[in-house]
file data.txt (compact mmCIF, C-alpha atoms and all ligand atoms)
# COMPACT_ATOMS: atom_id res chain seq x y z
CA MET A 20 -22.04 -20.41 44.89
CA ASN A 21 -18.74 -21.16 46.67
CA ASP A 22 -15.43 -20.28 45.05
CA PHE A 23 -13.43 -23.31 43.96
CA ASN A 24 -11.08 -23.62 46.95
CA ILE A 25 -9.07 -26.74 47.76
CA SER A 26 -6.39 -24.91 49.75
CA ALA A 27 -8.15 -25.73 53.00
CA LEU A 28 -7.75 -29.44 52.20
CA ILE A 29 -4.00 -29.21 51.88
CA THR A 30 -1.83 -30.11 54.86
CA PRO A 31 1.32 -27.99 55.13
CA ARG A 32 4.40 -29.69 53.65
CA GLU A 33 7.09 -30.98 55.97
CA LYS A 34 9.91 -28.47 55.84
CA PRO A 35 12.88 -30.03 53.98
CA ALA A 36 15.91 -31.01 56.07
CA THR A 37 18.23 -28.99 53.83
CA PRO A 38 16.12 -26.14 52.45
CA LEU A 39 16.89 -24.84 48.99
CA ARG A 40 18.13 -21.24 48.97
CA VAL A 41 16.14 -19.21 46.44
CA ALA A 42 16.59 -15.63 45.27
CA VAL A 43 13.91 -13.82 43.27
CA LEU A 44 14.88 -10.73 41.27
CA GLY A 45 11.99 -8.38 40.54
CA GLY A 46 9.47 -7.14 43.09
CA GLY A 47 6.46 -7.17 40.80
CA SER A 48 3.42 -9.39 40.59
CA PHE A 49 5.03 -12.54 39.32
CA GLY A 50 8.29 -12.39 41.23
CA THR A 51 6.22 -12.02 44.39
CA ALA A 52 3.92 -14.91 43.50
CA MET A 53 6.80 -17.30 42.83
CA ALA A 54 8.80 -16.17 45.88
CA ASN A 55 5.75 -16.81 48.04
CA LEU A 56 5.39 -20.34 46.70
CA ALA A 57 9.07 -21.08 47.34
CA ALA A 58 8.87 -19.73 50.89
CA ARG A 59 5.71 -21.77 51.51
CA ASN A 60 7.61 -24.88 50.35
CA GLY A 61 10.24 -24.29 53.00
CA CYS A 62 12.91 -22.69 50.82
CA GLU A 63 15.07 -19.93 52.30
CA THR A 64 13.71 -17.27 49.96
CA CYS A 65 14.70 -13.63 49.51
CA MET A 66 13.29 -11.14 46.99
CA TRP A 67 15.32 -8.31 45.52
CA ILE A 68 13.38 -5.11 45.11
CA ARG A 69 15.43 -2.20 43.80
CA ASP A 70 13.47 0.39 45.80
CA GLU A 71 14.85 0.45 49.36
CA LYS A 72 11.71 1.87 50.97
CA ALA A 73 9.51 -0.69 49.27
CA ALA A 74 11.85 -3.49 50.35
CA GLN A 75 11.79 -2.29 53.96
CA ASP A 76 8.01 -2.01 53.94
CA MET A 77 7.61 -5.48 52.45
CA GLN A 78 10.06 -6.91 54.98
CA GLN A 79 7.98 -5.42 57.77
CA SER A 80 4.45 -5.97 56.43
CA LYS A 81 5.00 -9.15 54.35
CA ARG A 82 2.76 -7.55 51.74
CA ASN A 83 3.45 -6.22 48.22
CA LYS A 84 1.28 -3.11 48.53
CA ARG A 85 2.03 -1.87 44.99
CA TYR A 86 1.28 -4.98 42.97
CA LEU A 87 -0.61 -7.45 45.22
CA PRO A 88 -2.02 -5.35 48.08
CA ASP A 89 -4.78 -7.79 49.02
CA PHE A 90 -2.53 -10.76 49.77
CA GLN A 91 -0.62 -11.63 52.96
CA LEU A 92 2.68 -13.24 52.07
CA GLU A 93 4.58 -15.97 53.94
CA GLU A 94 6.17 -14.79 57.19
CA THR A 95 9.46 -16.46 56.28
CA LEU A 96 9.78 -14.56 52.98
CA GLN A 97 12.62 -12.04 53.12
CA PHE A 98 13.08 -8.81 51.15
CA SER A 99 16.11 -6.66 50.38
CA SER A 100 17.13 -3.83 48.05
CA LYS A 101 20.76 -4.99 48.07
CA LEU A 102 21.73 -7.48 45.35
CA GLU A 103 24.84 -8.40 47.34
CA ASP A 104 22.58 -9.66 50.15
CA VAL A 105 20.29 -11.61 47.83
CA VAL A 106 22.35 -13.20 45.05
CA PRO A 107 25.40 -14.88 46.67
CA ASN A 108 25.08 -18.29 48.40
CA ARG A 109 21.87 -19.31 46.62
CA ASP A 110 20.93 -22.48 44.77
CA ILE A 111 18.37 -20.96 42.38
CA ILE A 112 17.90 -17.40 41.12
CA LEU A 113 14.46 -16.70 39.63
CA VAL A 114 14.60 -13.65 37.35
CA ALA A 115 11.25 -11.83 37.00
CA ILE A 116 12.55 -8.61 35.46
CA PRO A 117 10.81 -7.12 32.39
CA SER A 118 12.66 -7.78 29.16
CA HIS A 119 13.60 -4.10 28.71
CA SER A 120 15.84 -4.28 31.80
CA TYR A 121 16.79 -7.93 31.79
CA ARG A 122 20.31 -7.67 30.40
CA ASP A 123 21.16 -4.75 32.68
CA VAL A 124 20.17 -6.69 35.79
CA LEU A 125 22.16 -9.75 34.69
CA LYS A 126 25.21 -7.54 34.20
CA GLN A 127 24.77 -6.30 37.79
CA ILE A 128 24.68 -9.81 39.25
CA ALA A 129 27.45 -11.32 37.10
CA PRO A 130 30.21 -10.65 39.68
CA MET A 131 28.14 -12.49 42.32
CA ILE A 132 27.53 -15.66 40.29
CA SER A 133 29.33 -18.83 41.39
CA GLY A 134 27.26 -21.76 40.21
CA GLN A 135 23.74 -20.62 41.05
CA ALA A 136 21.08 -21.88 38.62
CA ILE A 137 19.41 -19.05 36.71
CA VAL A 138 15.71 -19.44 35.83
CA SER A 139 13.98 -16.88 33.65
CA LEU A 140 10.37 -16.02 34.52
CA THR A 141 10.25 -13.24 31.94
CA LYS A 142 7.99 -13.50 28.87
CA GLY A 143 9.58 -11.06 26.49
CA ILE A 144 12.01 -10.54 23.63
CA GLU A 145 14.86 -8.05 23.84
CA ALA A 146 14.27 -5.02 21.63
CA GLU A 147 16.56 -4.61 18.58
CA THR A 148 18.60 -7.78 19.20
CA PHE A 149 15.62 -10.17 19.17
CA CYS A 150 17.41 -12.10 21.93
CA LEU A 151 15.29 -14.35 24.09
CA MET A 152 16.00 -14.19 27.82
CA SER A 153 17.76 -17.55 27.69
CA ASP A 154 20.06 -16.10 25.01
CA ILE A 155 20.84 -13.13 27.27
CA ILE A 156 21.60 -15.47 30.18
CA GLN A 157 24.07 -17.42 28.04
CA GLN A 158 25.66 -14.19 26.78
CA GLU A 159 25.96 -12.43 30.14
CA LEU A 160 26.43 -15.43 32.45
CA PRO A 161 28.17 -18.07 30.32
CA GLU A 162 28.45 -21.61 31.74
CA VAL A 163 25.70 -21.15 34.35
CA PRO A 164 22.95 -23.80 34.46
CA PHE A 165 19.79 -22.10 33.19
CA GLY A 166 16.16 -22.71 32.46
CA VAL A 167 12.92 -20.90 31.72
CA LEU A 168 9.63 -21.14 33.56
CA SER A 169 6.43 -20.42 31.66
CA GLY A 170 2.78 -21.37 31.68
CA PRO A 171 -0.79 -20.16 32.45
CA ASN A 172 0.30 -18.25 35.52
CA LEU A 173 -1.80 -15.17 36.21
CA ALA A 174 -0.07 -13.94 39.36
CA LYS A 175 -3.19 -12.82 41.23
CA GLU A 176 -4.81 -16.24 40.86
CA ILE A 177 -1.66 -17.95 42.13
CA VAL A 178 -1.41 -15.82 45.28
CA ALA A 179 -5.14 -16.42 45.79
CA ASN A 180 -4.33 -20.16 46.01
CA MET A 181 -6.20 -21.10 42.85
CA PRO A 182 -4.76 -24.32 41.35
CA ALA A 183 -2.34 -23.74 38.48
CA GLY A 184 0.42 -25.42 36.53
CA THR A 185 3.60 -24.29 34.83
CA VAL A 186 6.56 -25.66 32.87
CA ILE A 187 10.22 -25.61 33.81
CA ALA A 188 12.27 -26.03 30.63
CA SER A 189 15.96 -26.80 30.81
CA THR A 190 18.41 -29.23 29.28
CA SER A 191 19.61 -29.84 32.84
CA GLU A 192 17.62 -32.53 34.63
CA ALA A 193 19.15 -31.41 37.93
CA LEU A 194 17.89 -27.86 37.38
CA ARG A 195 14.41 -29.09 36.42
CA ASN A 196 14.28 -31.24 39.56
CA ALA A 197 15.49 -28.41 41.80
CA VAL A 198 12.85 -25.99 40.47
CA GLN A 199 10.15 -28.63 40.87
CA THR A 200 11.26 -29.17 44.47
CA ALA A 201 11.27 -25.43 45.13
CA LEU A 202 7.89 -24.58 43.59
CA HIS A 203 5.75 -27.71 43.10
CA SER A 204 2.73 -28.26 45.34
CA ALA A 205 -0.86 -29.44 45.18
CA LEU A 206 -1.79 -25.85 44.23
CA PHE A 207 0.99 -25.25 41.73
CA ARG A 208 2.11 -28.17 39.62
CA VAL A 209 5.47 -27.82 37.85
CA PHE A 210 5.82 -29.89 34.67
CA ALA A 211 9.15 -30.47 32.90
CA SER A 212 10.36 -29.84 29.36
CA SER A 213 13.69 -29.83 27.57
CA ASP A 214 12.52 -27.48 24.77
CA VAL A 215 13.85 -24.22 26.21
CA HIS A 216 13.21 -22.02 23.16
CA GLY A 217 9.80 -23.58 22.54
CA VAL A 218 8.61 -22.95 26.10
CA GLU A 219 10.13 -19.47 26.14
CA LEU A 220 8.62 -18.47 22.80
CA GLY A 221 5.23 -19.74 23.88
CA GLY A 222 5.31 -17.40 26.85
CA ALA A 223 6.47 -14.41 24.84
CA LEU A 224 4.34 -14.85 21.72
CA LYS A 225 1.01 -15.43 23.50
CA ASN A 226 1.13 -11.84 24.71
CA ILE A 227 0.66 -10.66 21.12
CA TYR A 228 -2.64 -12.52 20.81
CA ALA A 229 -3.83 -11.50 24.26
CA ILE A 230 -3.79 -7.93 22.94
CA ALA A 231 -5.83 -9.06 19.94
CA MET A 232 -8.30 -10.89 22.15
CA GLY A 233 -8.64 -7.90 24.45
CA MET A 234 -9.47 -5.78 21.41
CA GLY A 235 -11.98 -8.40 20.31
CA ALA A 236 -13.61 -8.28 23.75
CA ALA A 237 -13.99 -4.51 23.43
CA TYR A 238 -15.78 -5.10 20.14
CA ASN A 239 -17.92 -7.77 21.82
CA VAL A 240 -17.05 -10.50 19.32
CA GLY A 241 -18.73 -13.90 19.67
CA GLU A 242 -17.33 -17.22 20.91
CA ASN A 243 -16.87 -18.54 17.34
CA THR A 244 -14.69 -15.56 16.50
CA ARG A 245 -12.70 -15.88 19.74
CA SER A 246 -12.14 -19.61 19.12
CA MET A 247 -11.03 -19.02 15.54
CA LEU A 248 -8.66 -16.25 16.63
CA LEU A 249 -7.22 -18.38 19.44
CA THR A 250 -6.68 -21.34 17.12
CA ARG A 251 -5.10 -19.29 14.35
CA ALA A 252 -2.93 -17.62 16.97
CA LEU A 253 -1.64 -21.04 18.02
CA ALA A 254 -0.92 -21.85 14.38
CA GLU A 255 0.99 -18.57 13.97
CA MET A 256 2.95 -18.97 17.22
CA SER A 257 4.03 -22.51 16.47
CA ARG A 258 4.89 -21.67 12.84
CA PHE A 259 7.19 -18.87 13.98
CA ALA A 260 8.72 -20.85 16.87
CA VAL A 261 9.43 -23.86 14.64
CA THR A 262 11.33 -21.52 12.30
CA LEU A 263 13.50 -20.67 15.33
CA GLY A 264 14.10 -24.35 16.13
CA ALA A 265 11.30 -25.09 18.61
CA ASN A 266 9.43 -28.40 18.74
CA PRO A 267 5.87 -27.82 17.45
CA LEU A 268 4.49 -30.33 19.96
CA THR A 269 5.61 -28.04 22.81
CA PHE A 270 2.67 -25.81 21.85
CA LEU A 271 0.24 -28.55 22.91
CA GLY A 272 1.51 -28.02 26.47
CA LEU A 273 0.97 -25.53 29.27
CA SER A 274 3.45 -22.98 27.88
CA GLY A 275 1.70 -23.09 24.51
CA VAL A 276 -2.05 -23.57 24.32
CA GLY A 277 -2.36 -23.43 28.11
CA ASP A 278 -0.88 -19.98 28.53
CA LEU A 279 -2.45 -18.72 25.32
CA PHE A 280 -5.90 -19.72 26.60
CA ALA A 281 -5.41 -18.19 30.06
CA THR A 282 -3.92 -14.90 28.87
CA CYS A 283 -6.41 -14.50 26.00
CA SER A 284 -9.39 -15.18 28.25
CA SER A 285 -8.62 -13.19 31.38
CA PRO A 286 -9.07 -9.50 32.19
CA LEU A 287 -6.33 -10.14 34.77
CA SER A 288 -3.88 -10.26 31.87
CA ARG A 289 -2.14 -6.91 31.44
CA ASN A 290 -1.77 -7.56 27.70
CA TYR A 291 -5.50 -8.34 27.44
CA GLN A 292 -6.17 -5.07 29.28
CA ILE A 293 -4.01 -3.13 26.82
CA GLY A 294 -5.93 -4.66 23.92
CA TYR A 295 -9.27 -3.88 25.54
CA ALA A 296 -8.26 -0.25 26.09
CA LEU A 297 -7.13 0.04 22.46
CA GLY A 298 -10.42 -1.51 21.35
CA GLN A 299 -12.26 1.11 23.37
CA GLY A 300 -10.48 3.79 21.36
CA LYS A 301 -7.65 4.75 23.72
CA ASN A 302 -4.31 5.36 22.02
CA LEU A 303 -1.27 3.31 23.02
CA GLU A 304 0.17 5.90 25.40
CA GLU A 305 -3.17 6.26 27.19
CA ALA A 306 -3.58 2.48 27.44
CA ILE A 307 -0.08 1.97 28.87
CA ALA A 308 -0.42 4.88 31.30
CA ALA A 309 -3.76 3.54 32.58
CA LEU A 310 -2.23 0.08 33.11
CA GLY A 311 0.84 1.17 35.09
CA GLN A 312 2.33 -2.34 34.93
CA THR A 313 4.35 -4.51 32.58
CA ALA A 314 2.71 -5.56 29.31
CA GLU A 315 5.39 -7.27 27.28
CA GLY A 316 3.16 -7.78 24.24
CA ILE A 317 3.53 -4.30 22.76
CA ASN A 318 7.29 -4.68 22.35
CA THR A 319 6.84 -8.30 21.24
CA ILE A 320 4.54 -7.21 18.40
CA ARG A 321 7.23 -4.85 17.17
CA GLN A 322 10.02 -7.42 17.42
CA VAL A 323 8.09 -10.36 15.95
CA SER A 324 6.56 -8.34 13.12
CA ALA A 325 10.02 -7.21 12.02
CA GLN A 326 11.60 -10.65 12.49
CA SER A 327 8.79 -12.45 10.65
CA ARG A 328 9.40 -10.26 7.59
CA LEU A 329 13.15 -10.93 7.80
CA LEU A 330 12.55 -14.68 8.08
CA ASN A 331 9.63 -14.63 5.63
CA VAL A 332 7.26 -16.31 8.11
CA TYR A 333 3.52 -15.81 7.52
CA MET A 334 2.23 -13.97 10.62
CA PRO A 335 -1.03 -12.28 9.55
CA ILE A 336 -2.41 -11.60 13.04
CA THR A 337 0.84 -10.13 14.34
CA ASN A 338 1.26 -7.93 11.29
CA ALA A 339 -2.39 -6.85 11.42
CA LEU A 340 -1.90 -5.76 15.04
CA TYR A 341 1.24 -3.87 14.04
CA GLU A 342 -0.67 -1.99 11.35
CA VAL A 343 -3.44 -1.05 13.80
CA ILE A 344 -1.22 -0.12 16.76
CA PHE A 345 1.79 1.45 15.07
CA GLU A 346 0.41 2.56 11.68
CA GLY A 347 -3.03 3.73 12.79
CA LYS A 348 -4.94 1.47 10.40
CA PRO A 349 -8.67 1.02 11.26
CA PRO A 350 -9.19 -2.15 13.36
CA LEU A 351 -12.38 -3.26 11.62
CA GLY A 352 -10.86 -2.79 8.18
CA ILE A 353 -7.84 -4.84 9.20
CA ALA A 354 -10.08 -7.53 10.71
CA LEU A 355 -11.97 -7.74 7.42
CA SER A 356 -8.73 -8.10 5.46
CA LEU A 357 -7.75 -11.00 7.74
CA MET A 358 -11.07 -12.71 6.97
CA GLN A 359 -10.51 -12.13 3.25
CA ASN A 360 -7.21 -14.04 3.27
CA GLY A 361 -7.16 -17.00 0.84
CA HIS A 362 -7.58 -20.72 1.45
CA ARG A 363 -5.17 -22.04 4.07
CA SER A 364 -4.42 -25.36 5.74
CA ASP A 365 -5.96 -25.80 9.18
CA VAL A 366 -2.86 -27.45 10.66
CA GLU A 367 0.18 -27.01 8.45
CA PHE A 368 2.07 -29.81 10.27
CA VAL A 369 -0.67 -32.15 8.96
CA LEU A 370 -1.33 -30.60 5.53
CA PRO A 371 1.38 -28.17 4.30
CA HIS A 372 0.02 -24.89 2.92
CA GLU A 373 1.68 -25.59 -0.44
CA GLN A 374 -0.81 -28.45 -0.94
CA VAL A 375 -3.91 -26.28 -0.39
N1 LIG B 401 2.20 -10.91 36.32
C1 LIG B 401 1.99 -12.13 35.87
O1 LIG B 401 0.89 -12.70 36.00
C2 LIG B 401 3.12 -12.85 35.15
C3 LIG B 401 3.07 -14.25 35.05
C4 LIG B 401 4.10 -14.91 34.39
C5 LIG B 401 5.17 -14.20 33.87
N2 LIG B 401 5.19 -12.84 34.00
C6 LIG B 401 6.35 -12.15 33.42
O2 LIG B 401 7.20 -11.74 34.49
C7 LIG B 401 7.94 -10.61 34.08
C8 LIG B 401 7.82 -9.58 35.18
O3 LIG B 401 6.48 -9.19 35.13
P1 LIG B 401 5.60 -8.78 36.39
O4 LIG B 401 4.22 -9.23 36.12
O5 LIG B 401 6.23 -9.18 37.68
O6 LIG B 401 5.69 -7.20 36.17
P2 LIG B 401 5.31 -6.04 37.16
O7 LIG B 401 5.00 -4.86 36.31
O8 LIG B 401 4.29 -6.55 38.11
O9 LIG B 401 6.67 -5.81 37.97
C9 LIG B 401 7.87 -5.56 37.27
C10 LIG B 401 8.93 -5.44 38.36
O10 LIG B 401 10.20 -5.28 37.73
C11 LIG B 401 10.87 -4.21 38.37
N3 LIG B 401 11.84 -3.61 37.46
C12 LIG B 401 11.61 -3.01 36.28
N4 LIG B 401 12.77 -2.56 35.77
C13 LIG B 401 13.75 -2.89 36.65
C14 LIG B 401 15.15 -2.71 36.69
N5 LIG B 401 15.79 -2.07 35.69
N6 LIG B 401 15.84 -3.17 37.76
C15 LIG B 401 15.20 -3.79 38.75
N7 LIG B 401 13.86 -4.01 38.79
C16 LIG B 401 13.15 -3.56 37.73
C17 LIG B 401 9.77 -3.24 38.75
O11 LIG B 401 10.21 -2.36 39.75
C18 LIG B 401 8.70 -4.21 39.25
O12 LIG B 401 8.94 -4.54 40.60
C19 LIG B 401 7.34 -10.13 32.76
O13 LIG B 401 8.17 -10.52 31.68
C20 LIG B 401 6.01 -10.90 32.68
O14 LIG B 401 5.63 -11.17 31.34
C21 LIG B 401 4.20 -12.15 34.61
O1 LIG B 402 -0.56 -10.20 32.56
P1 LIG B 402 0.11 -10.81 31.34
O2 LIG B 402 -0.63 -10.53 30.08
O3 LIG B 402 1.58 -10.47 31.30
O4 LIG B 402 0.00 -12.40 31.52
C1 LIG B 402 0.38 -12.92 32.75
C2 LIG B 402 0.93 -14.32 32.56
O5 LIG B 402 1.97 -14.34 31.60
C3 LIG B 402 -0.16 -15.30 32.22
O6 LIG B 402 0.43 -16.59 32.10

call {"tool": "encode", "arguments": {"input": "data.txt", "output": "structure tokens", "more": "lines below"}}
Ligand SMILES: NC(=O)c1ccc[n+]([C@@H]2O[C@H](COP(=O)([O-])OP(=O)(O)OC[C@H]3O[C@@H](n4cnc5c(N)ncnc54)[C@H](O)[C@@H]3O)[C@@H](O)[C@H]2O)c1
Ligand SMILES: O=P(O)(O)OC[C@H](O)CO
result
Amino acid sequence: MNDFNISALITPREKPATPLRVAVLGGGSFGTAMANLAARNGCETCMWIRDEKAAQDMQQSKRNKRYLPDFQLEETLQFSSKLEDVVPNRDIILVAIPSHSYRDVLKQIAPMISGQAIVSLTKGIEAETFCLMSDIIQQELPEVPFGVLSGPNLAKEIVANMPAGTVIASTSEALRNAVQTALHSALFRVFASSDVHGVELGGALKNIYAIAMGMGAAYNVGENTRSMLLTRALAEMSRFAVTLGANPLTFLGLSGVGDLFATCSSPLSRNYQIGYALGQGKNLEEAIAALGQTAEGINTIRQVSAQSRLLNVYMPITNALYEVIFEGKPPLGIALSLMQNGHRSDVEFVLPHEQV
């Protein structure tokens, strides 16, 4: 059976007369995938990789041998380990830095910012402060135009030219249009939203449930169980996000149910892989060491579990995961307690729980 491949049908885009100038911060899987799309669309694109040797090798080989070794990148894509060569004189800066280092990197680029649009690609929540990345952008780079990009975007599938879609969320129409121009193609469709926190929370929260689904896969649960878990995850995500001011309907989109489905279904997901390893009986340190890449969901479970108690938001799956991962509770016992929860509304925006 042939792989689903429409890339051969696509004629290369005419290079734009005035190419957008794009910087990508973060030399990992996703920064590389997005930088490659921008370069393919004719943007003058440069990636910042903090490791000088890696940057030199990528500049020479046009390959990210650490994170995406099997994929040849666009010849026009540039690489540098010097922020001062990458950040100034750009139209758009895509930030694909893990949440644990996000604020630090923004502090480093602050002196070089003069009107560039900042777009967060990061799906995490800052430890202790519970700041979303868009909050950090506004705190560290006040007055800049900003947005977040999030959706079902497994990096390896994107660089393999498998069709995908994403969401650019910003209150700035100009920023949304610029990002669509930079990244949109017949292989990667960029949809627009104005619900920044809703799109951002969708991307961060789904990582929690990908860990749960990976654990479920290790226990070989059936499709009914997976579907119930996925649906209740969506209910939990949207309940929490609405408490933080998000639009519940955002979760019907690519950054909500779309990304939840992709991440919860795919062994390519690093968070799914962490959950699977935990379900196989590895402890957290072993699971993280074996992965060797970013899995934002572990920190997100900690942050959201604590915040949900502070805000008194019912988050049974998140708190069950916290008890298993951080309190050593037995997974099957916790799963049973979830099933023993009382009668609840299916969709609380239709029938409030108080009426059940
Ligand atoms: N990989 C995907 O499929 C995917 C898709 C969408 C969004 N994301 C999100 O993108 C973000 C980045 O993830 P990734 O998949 O690229 O991770 P990764 O583990 O593949 O790469 C992380 C990169 O960040 C760099 N980095 C870490 N700390 C740094 C620091 N202090 N200064 C400079 N660079 C630093 C690392 O060197 C590495 O190059 C995450 O929040 C992730 O959730 C990932
Ligand atoms: O590998 P994960 O679990 O970080 O997921 C990758 C992307 O966020 C999927 O949209």

call {"tool": "residues_around", "arguments": {"input": "data.txt", "residues": "range 312-315 of chain A", "least_positions_apart": "4", "cutoff": "8 Å", "atoms": "all atoms listed in the file", "output": "list of chain:residue names"}}
result
A:Pro117, A:Ser118, A:Lys142, A:Gly143, A:Ala223, A:Asn226, A:Arg289, A:Asn290, A:Ile293, A:Ile307, A:Thr319

call {"tool": "residues_around", "arguments": {"input": "data.txt", "residues": "range 323-331 of chain A", "least_positions_apart": "3", "cutoff": "9 Å", "atoms": "all atoms listed in the file", "output": "PyMOL selection string"}}
result
chain A and resi 144+149+224+259+262+318-320+334+337-338+341

call {"tool": "closest_residue", "arguments": {"input": "data.txt", "among": "A:Pro335, A:Gly233, A:Gly221, A:Gly50", "to": "Ile177 in chain A", "atoms": "only C-alpha atoms"}}
result
A:Gly50

call {"tool": "residues_around", "arguments": {"input": "data.txt", "residues": "Val343 in chain A", "least_positions_apart": "6", "cutoff": "8 Å", "atoms": "all atoms listed in the file", "output": "number ranges by chain"}}
result
A: 349-350, 353

call {"tool": "write_last_selection", "arguments": {"input": "data.txt", "atoms": "C-alpha atoms", "output": "short mmCIF file (atom, residue, chain, number, x, y, z; two decimals), keeping the file's coordinate frame"}}
result
data_model
loop_
_atom_site.label_atom_id
_atom_site.label_comp_id
_atom_site.auth_asym_id
_atom_site.auth_seq_id
_atom_site.Cartn_x
_atom_site.Cartn_y
_atom_site.Cartn_z
CA PRO A 349 -8.67 1.02 11.26
CA PRO A 350 -9.19 -2.15 13.36
CA ILE A 353 -7.84 -4.84 9.20
#

call {"tool": "residues_near_ligand", "arguments": {"input": "data.txt", "ligand": "ligand LIG 402 (chain B)", "cutoff": "10 Å", "atoms": "only C-alpha atoms and all ligand atoms", "output": "count of residues only"}}
result
50

call {"tool": "closest_residue", "arguments": {"input": "data.txt", "among": "A:Asp123, A:Asp76, A:Glu103, A:Asp110", "to": "ligand LIG 401 (chain B)", "atoms": "only C-alpha atoms and all ligand atoms"}}
result
A:Asp123

call {"tool": "closest_residue", "arguments": {"input": "data.txt", "among": "A:Val138, A:Cys150, A:Ala308, A:Ile156", "to": "Leu168 in chain A", "atoms": "all atoms listed in the file"}}
result
A:Val138

call {"tool": "residues_near_point", "arguments": {"input": "data.txt", "point": "(-0.4, -26.9, 8.0)", "cutoff": "12 Å", "atoms": "all atoms listed in the file", "output": "ChimeraX atom specification"}}
result
/A:251,253-255,257-258,267,333,362-375

call {"tool": "closest_residue", "arguments": {"input": "data.txt", "among": "A:Asp104, A:Asp214, A:Glu94, A:Glu219", "to": "ligand LIG 401 (chain B)", "atoms": "all atoms listed in the file"}}
result
A:Glu219

call {"tool": "build_atoms", "arguments": {"input": "data.txt", "residues": "range 28-33 of chain A", "atoms": "all heavy atoms", "output": "mmCIF file, in the frame of the given file"}}
result
data_model
loop_
_atom_site.group_PDB
_atom_site.id
_atom_site.type_symbol
_atom_site.label_atom_id
_atom_site.label_comp_id
_atom_site.auth_asym_id
_atom_site.auth_seq_id
_atom_site.Cartn_x
_atom_site.Cartn_y
_atom_site.Cartn_z
ATOM 1 N N LEU A 28 -7.919 -27.975 52.092
ATOM 2 C CA LEU A 28 -7.750 -29.440 52.200
ATOM 3 C C LEU A 28 -6.285 -29.837 52.282
ATOM 4 O O LEU A 28 -5.951 -30.985 52.513
ATOM 5 C CB LEU A 28 -8.383 -30.119 50.970
ATOM 6 C CG LEU A 28 -9.851 -29.774 50.668
ATOM 7 C CD1 LEU A 28 -10.303 -30.482 49.388
ATOM 8 C CD2 LEU A 28 -10.726 -30.152 51.844
ATOM 9 N N ILE A 29 -5.410 -28.853 52.049
ATOM 10 C CA ILE A 29 -4.000 -29.210 51.880
ATOM 11 C C ILE A 29 -3.265 -29.087 53.215
ATOM 12 O O ILE A 29 -3.296 -28.038 53.871
ATOM 13 C CB ILE A 29 -3.353 -28.293 50.822
ATOM 14 C CG1 ILE A 29 -3.988 -28.604 49.464
ATOM 15 C CG2 ILE A 29 -1.837 -28.485 50.768
ATOM 16 C CD1 ILE A 29 -3.733 -27.562 48.426
ATOM 17 N N THR A 30 -2.622 -30.180 53.611
ATOM 18 C CA THR A 30 -1.830 -30.110 54.860
ATOM 19 C C THR A 30 -0.471 -29.491 54.521
ATOM 20 O O THR A 30 0.109 -29.770 53.475
ATOM 21 C CB THR A 30 -1.594 -31.541 55.417
ATOM 22 O OG1 THR A 30 -1.075 -32.331 54.341
ATOM 23 C CG2 THR A 30 -2.888 -32.134 55.916
ATOM 24 N N PRO A 31 0.036 -28.632 55.404
ATOM 25 C CA PRO A 31 1.320 -27.990 55.130
ATOM 26 C C PRO A 31 2.424 -29.027 54.909
ATOM 27 O O PRO A 31 2.434 -30.081 55.548
ATOM 28 C CB PRO A 31 1.586 -27.173 56.413
ATOM 29 C CG PRO A 31 0.251 -26.993 57.040
ATOM 30 C CD PRO A 31 -0.541 -28.225 56.681
ATOM 31 N N ARG A 32 3.301 -28.751 53.953
ATOM 32 C CA ARG A 32 4.400 -29.690 53.650
ATOM 33 C C ARG A 32 5.394 -29.705 54.799
ATOM 34 O O ARG A 32 5.621 -28.685 55.449
ATOM 35 C CB ARG A 32 5.140 -29.217 52.397
ATOM 36 C CG ARG A 32 4.645 -29.877 51.123
ATOM 37 C CD ARG A 32 5.309 -29.308 49.911
ATOM 38 N NE ARG A 32 6.731 -29.634 49.830
ATOM 39 C CZ ARG A 32 7.376 -29.583 48.637
ATOM 40 N NH1 ARG A 32 6.755 -29.203 47.556
ATOM 41 N NH2 ARG A 32 8.654 -29.875 48.574
ATOM 42 N N GLU A 33 5.961 -30.884 55.042
ATOM 43 C CA GLU A 33 7.090 -30.980 55.970
ATOM 44 C C GLU A 33 8.220 -30.099 55.447
ATOM 45 O O GLU A 33 8.526 -30.139 54.251
ATOM 46 C CB GLU A 33 7.599 -32.448 56.008
ATOM 47 C CG GLU A 33 6.715 -33.389 56.844
ATOM 48 C CD GLU A 33 6.742 -33.020 58.316
ATOM 49 O OE1 GLU A 33 7.837 -32.881 58.886
ATOM 50 O OE2 GLU A 33 5.647 -32.814 58.867
#
